[in-house]
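Peer 1: Before anything else, here's the structure in question.
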Amino acid sequence: MDDDRPDVLLTGLLFYDLVLTGLGGPPTPGEEIWTKGMGCGPGGIANLAVAAARLGLRTSLATVFGDDLYGVHCRDVLGAQEGIDLSLSRTAGGWPTPVTVSLAYGGDRALVTHGQEPPYSQDALMADPPPARTALVHLEPEPRAWLAEAAAHGTQVYADVGWDASGQWPRDLLDQLSLCHAFLPNEAEAMAYTRTGSASAALKELSELVPVAVVTRGGRGAVAVDQTTGEYADVPALDIDVLDPTGAGDVFGASFVAASLGGWPLEERLRFAVLAAGLSVGHPGGALAAPGWYGVDRWWRSLTDPGLRRAYGFLADRLPDDPGPPVAYAPVTPPAPRH
């Protein structure tokens, strides 16, 4: 019997991102910097949604769009262009779509955001979460009610977590891992929540709380343990010039889910996620920088380094026969509204 459930269920806050790249450094007061690099498009939870959809996963997104120009544009990109199911999403009249300006330089970025809390909460959007194969979620100190319901319905939950600006890093947040199949924090987050001093020590603690634990290490790759199979993997990052790192962690997570749904060995899952995230940082913007199968296929076909050919040789059997059309990267300005 065909499984018609969504492959990935998502909910969270949507942003309209305006990303400026090619800066030598941040502007100082009174200074104006001109740059030739810019891209715009949906961000926030859209980063995960687009990354998943471009890997052929049936993706269902519950979010809130403003009824302004930014919201209309984001809805058009996600639904019409990327083929994401938006039936769980809502449009809020009079609510401005949050806007983030990102200044990318030095391999990192600085963000300035304008926005306010949406009129519909995650639990309101997901009052009765539909059955799904997986859900990609962002854990917060206050647990979301829908998450427990989704897990009870058999949805495998893959979770990450954000930076705690308060510096408290409440350890009881990790209690939510009892609902999760996998947890994918970065190194700093993992060490802070587990009160450990290294990525390996944090991974060991997390692996006792969740079946699959992954710790990303930025330019040093990622490490993971899968307790369901007894596998351990330590994968280096690729040597790729960073234009804009926005959304790279989201691309990593969506790619890891795609490979997991394919039943790949842990090292292949980790290498694939590291590769996809690495390819995304060469383009501006979060969501529309996701490479999808098209970008991975192009990378593999152009690869000449013998070491990487061996390390990523599994792609020869994993890539689809048709990787799809070229992906649409973030435009400098959005197209004129359609009438």
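Naming scheme: A, B, ... for chains in displayed order of the structure tokens; residues 1 onward per chain; ligands 1 onward as shown.
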Do you know which residues are at most 8 Å from Asn47 (chain A) counting only C-alpha atoms, after dropping those on the same chain fewer than 4 positions away, and could you put them as a PyMOL selection string?
Peer 2: chain A and resi 42-43+51+247+250-251+286-288+290
Peer 1: Could you write those residues out with all heavy atoms, as an mmCIF file, in the first residue's frame?
Peer 2:
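Written output follows (result.cif):
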```
data_model
loop_
_atom_site.group_PDB
_atom_site.id
_atom_site.type_symbol
_atom_site.label_atom_id
_atom_site.label_comp_id
_atom_site.auth_asym_id
_atom_site.auth_seq_id
_atom_site.Cartn_x
_atom_site.Cartn_y
_atom_site.Cartn_z
ATOM 1 N N PRO A 42 12.221 33.888 0.827
ATOM 2 C CA PRO A 42 11.722 33.416 2.119
ATOM 3 C C PRO A 42 12.841 32.851 2.974
ATOM 4 O O PRO A 42 13.817 32.277 2.472
ATOM 5 C CB PRO A 42 10.712 32.327 1.730
ATOM 6 C CG PRO A 42 11.115 31.895 0.361
ATOM 7 C CD PRO A 42 11.703 33.097 -0.293
ATOM 8 N N GLY A 43 12.718 33.034 4.307
ATOM 9 C CA GLY A 43 13.697 32.511 5.254
ATOM 10 C C GLY A 43 13.006 31.951 6.478
ATOM 11 O O GLY A 43 11.799 31.711 6.476
ATOM 12 N N ALA A 51 14.719 23.172 1.489
ATOM 13 C CA ALA A 51 15.787 22.172 1.448
ATOM 14 C C ALA A 51 15.208 20.767 1.328
ATOM 15 O O ALA A 51 15.723 19.931 0.576
ATOM 16 C CB ALA A 51 16.657 22.281 2.694
ATOM 17 N N GLY A 247 21.218 29.612 6.969
ATOM 18 C CA GLY A 247 20.417 28.423 6.679
ATOM 19 C C GLY A 247 21.198 27.152 6.441
ATOM 20 O O GLY A 247 20.589 26.108 6.168
ATOM 21 N N ASP A 250 20.016 24.337 8.555
ATOM 22 C CA ASP A 250 18.720 23.816 8.126
ATOM 23 C C ASP A 250 18.879 22.867 6.942
ATOM 24 O O ASP A 250 18.213 21.828 6.856
ATOM 25 C CB ASP A 250 17.787 24.963 7.751
ATOM 26 C CG ASP A 250 17.426 25.828 8.939
ATOM 27 O OD1 ASP A 250 17.256 25.287 10.044
ATOM 28 O OD2 ASP A 250 17.330 27.060 8.774
ATOM 29 N N VAL A 251 19.758 23.231 6.001
ATOM 30 C CA VAL A 251 20.028 22.349 4.867
ATOM 31 C C VAL A 251 20.626 21.039 5.362
ATOM 32 O O VAL A 251 20.276 19.954 4.875
ATOM 33 C CB VAL A 251 20.965 23.035 3.856
ATOM 34 C CG1 VAL A 251 21.381 22.064 2.748
ATOM 35 C CG2 VAL A 251 20.298 24.262 3.244
ATOM 36 N N GLY A 286 18.944 31.941 2.683
ATOM 37 C CA GLY A 286 18.832 30.652 3.340
ATOM 38 C C GLY A 286 18.091 29.639 2.505
ATOM 39 O O GLY A 286 18.659 28.688 1.980
ATOM 40 N N ALA A 287 16.771 29.845 2.328
ATOM 41 C CA ALA A 287 15.936 28.846 1.676
ATOM 42 C C ALA A 287 16.386 28.551 0.250
ATOM 43 O O ALA A 287 16.577 27.398 -0.136
ATOM 44 C CB ALA A 287 14.476 29.310 1.690
ATOM 45 N N LEU A 288 16.572 29.588 -0.547
ATOM 46 C CA LEU A 288 16.822 29.386 -1.969
ATOM 47 C C LEU A 288 18.271 29.050 -2.282
ATOM 48 O O LEU A 288 18.630 28.852 -3.447
ATOM 49 C CB LEU A 288 16.369 30.621 -2.762
ATOM 50 C CG LEU A 288 14.873 30.932 -2.631
ATOM 51 C CD1 LEU A 288 14.483 32.127 -3.490
ATOM 52 C CD2 LEU A 288 14.031 29.710 -3.021
ATOM 53 N N ALA A 290 19.517 26.282 -0.986
ATOM 54 C CA ALA A 290 19.538 24.824 -0.871
ATOM 55 C C ALA A 290 19.832 24.196 -2.228
ATOM 56 O O ALA A 290 19.185 24.533 -3.224
ATOM 57 C CB ALA A 290 18.201 24.320 -0.329
#
```
Peer 1: If you run DSSP on the backbone here, which positions in region 22-89 of chain A get strand (DSSP E or B)? Please write them as a list in words.
Peer 2: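 Going through region 22-89 of chain A, the strand (DSSP E or B) residues come out as Gly37, Met38, Gly39, Cys40, Gly41, Pro42, Gly43, Gly44, Thr59, Ser60, Leu61, Ala62, Val64, Phe65, Gly66 and Asp85 of chain A.
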Peer 1: Excluding Thr21 (chain A) and residues on its chain fewer than 5 positions from it, collect all residues at most 12 Å away from it, counting only C-alpha atoms, and give them as a PyMOL selection string.
Peer 2: chain A and resi 26+33-40+101-110+242-246+281-285+332
Peer 1: Save out the residues we just selected, N, CA and C atoms, as a compact mmCIF listing (two decimals), in the first residue's frame.
Peer 2:
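The result, stored in selection-v2.txt:
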```
# COMPACT_ATOMS: atom_id res chain seq x y z
N PRO A 26 31.75 44.84 8.65
CA PRO A 26 30.50 45.52 8.98
C PRO A 26 30.62 47.02 8.78
N ILE A 33 28.42 51.43 2.62
CA ILE A 33 29.17 50.42 1.88
C ILE A 33 28.35 49.98 0.68
N TRP A 34 28.98 49.98 -0.47
CA TRP A 34 28.34 49.45 -1.68
C TRP A 34 28.84 48.03 -1.91
N THR A 35 27.92 47.15 -2.28
CA THR A 35 28.29 45.77 -2.58
C THR A 35 27.49 45.28 -3.78
N LYS A 36 28.08 44.38 -4.55
CA LYS A 36 27.41 43.87 -5.74
C LYS A 36 26.61 42.60 -5.45
N GLY A 37 26.78 42.04 -4.27
CA GLY A 37 26.10 40.78 -3.98
C GLY A 37 24.84 40.97 -3.15
N MET A 38 23.72 40.44 -3.64
CA MET A 38 22.46 40.54 -2.91
C MET A 38 21.52 39.44 -3.35
N GLY A 39 20.68 39.00 -2.43
CA GLY A 39 19.65 38.03 -2.75
C GLY A 39 18.48 38.18 -1.79
N CYS A 40 17.29 37.84 -2.24
CA CYS A 40 16.11 37.96 -1.38
C CYS A 40 15.21 36.76 -1.56
N VAL A 101 17.28 41.59 7.53
CA VAL A 101 18.39 42.03 6.68
C VAL A 101 19.65 41.35 7.21
N SER A 102 20.31 40.62 6.34
CA SER A 102 21.51 39.88 6.72
C SER A 102 22.72 40.47 6.02
N LEU A 103 23.76 40.80 6.80
CA LEU A 103 25.02 41.30 6.27
C LEU A 103 26.04 40.17 6.39
N ALA A 104 26.41 39.58 5.26
CA ALA A 104 27.31 38.44 5.27
C ALA A 104 28.73 38.87 4.98
N TYR A 105 29.64 38.53 5.90
CA TYR A 105 31.06 38.85 5.71
C TYR A 105 31.89 37.97 6.63
N GLY A 106 33.12 37.72 6.23
CA GLY A 106 34.04 36.96 7.07
C GLY A 106 33.58 35.56 7.40
N GLY A 107 32.82 34.93 6.51
CA GLY A 107 32.35 33.58 6.77
C GLY A 107 31.19 33.49 7.74
N ASP A 108 30.66 34.64 8.18
CA ASP A 108 29.53 34.64 9.10
C ASP A 108 28.57 35.74 8.64
N ARG A 109 27.57 36.06 9.46
CA ARG A 109 26.65 37.13 9.08
C ARG A 109 26.09 37.79 10.33
N ALA A 110 25.67 39.04 10.15
CA ALA A 110 24.99 39.79 11.20
C ALA A 110 23.56 40.04 10.74
N VAL A 242 32.96 30.34 1.74
CA VAL A 242 31.67 30.71 2.32
C VAL A 242 31.28 32.10 1.85
N LEU A 243 30.18 32.18 1.09
CA LEU A 243 29.62 33.46 0.71
C LEU A 243 28.59 33.92 1.75
N ASP A 244 27.70 33.01 2.13
CA ASP A 244 26.65 33.33 3.10
C ASP A 244 26.25 32.05 3.82
N PRO A 245 26.51 31.94 5.13
CA PRO A 245 26.19 30.71 5.86
C PRO A 245 24.74 30.60 6.31
N THR A 246 23.90 31.60 5.98
CA THR A 246 22.50 31.58 6.43
C THR A 246 21.80 30.29 6.01
N VAL A 281 26.32 27.26 1.17
CA VAL A 281 26.96 28.50 1.62
C VAL A 281 27.60 29.28 0.48
N GLY A 282 27.58 28.73 -0.72
CA GLY A 282 28.13 29.44 -1.86
C GLY A 282 27.13 30.33 -2.57
N HIS A 283 25.91 30.42 -2.02
CA HIS A 283 24.86 31.25 -2.62
C HIS A 283 24.21 32.08 -1.52
N PRO A 284 23.71 33.27 -1.86
CA PRO A 284 23.10 34.12 -0.83
C PRO A 284 21.71 33.62 -0.45
N GLY A 285 21.34 33.93 0.79
CA GLY A 285 20.00 33.59 1.26
C GLY A 285 19.98 32.21 1.88
N VAL A 332 18.05 39.02 -7.01
CA VAL A 332 18.46 40.29 -6.41
C VAL A 332 17.24 41.06 -5.93
```
Peer 1: Nearest to Tyr16 (chain A) among A:Thr113, A:Ser302, A:Ser207, A:Ser89, with distances taken over only C-alpha atoms: which residue is it?
Peer 2: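 Ranked by minimum distance to Tyr16 (chain A), first place goes to A:Thr113.
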Peer 1: DSSP on the backbone, helix (DSSP H, G or I) only: what residues of region 147-198 of chain A does that give? Format it as JSON, numbers by chain.
Peer 2: {"A": [147, 148, 149, 150, 151, 152, 171, 172, 173, 174, 175, 176, 177, 178, 179, 187, 188, 189, 190, 191, 192, 193, 194]}
Peer 1: For Pro170 (chain A), which residue among A:Thr59, A:Ser260, A:Thr194, A:Gln116 is the nearest when counting only C-alpha atoms?
Peer 2: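 Smallest distance to Pro170 (chain A) is found for A:Thr194.
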Peer 1: Using only C-alpha atoms, can you tell me which of A:Tyr312, A:Val327, A:Met191, A:Phe256 comes closest to Lys204 (chain A)?
Peer 2: A:Met191
Peer 1: So that I can check the surroundings of Leu209 (chain A), please list as a ChimeraX atom specification every protein, DNA and RNA residue that reaches within 9 Å of it, counting only C-alpha atoms and ignoring chain neighbours fewer than 4 positions away.
Peer 2: /A:174-175,177-178,205,213
Peer 1: Got time to write the residues from that selection, N, CA, C and O atoms, as a compact mmCIF listing (two decimals), in the first residue's frame?
Peer 2:
```txt
# COMPACT_ATOMS: atom_id res chain seq x y z
N LEU A 174 16.21 19.26 27.54
CA LEU A 174 16.57 17.95 27.00
C LEU A 174 15.55 16.87 27.34
O LEU A 174 15.57 15.79 26.76
N ASP A 175 14.62 17.16 28.28
CA ASP A 175 13.56 16.19 28.57
C ASP A 175 12.70 15.93 27.34
O ASP A 175 12.11 14.85 27.20
N LEU A 177 13.67 15.36 24.49
CA LEU A 177 14.28 14.36 23.61
C LEU A 177 13.60 13.00 23.73
O LEU A 177 13.77 12.14 22.86
N SER A 178 12.82 12.80 24.79
CA SER A 178 12.07 11.55 24.91
C SER A 178 11.04 11.40 23.79
O SER A 178 10.58 10.29 23.51
N GLU A 205 26.78 12.03 25.93
CA GLU A 205 25.62 12.27 26.80
C GLU A 205 24.32 12.25 26.02
O GLU A 205 23.32 11.68 26.45
N ALA A 213 21.97 10.77 17.70
CA ALA A 213 22.53 12.04 18.14
C ALA A 213 23.58 12.51 17.15
O ALA A 213 24.46 11.74 16.76
```
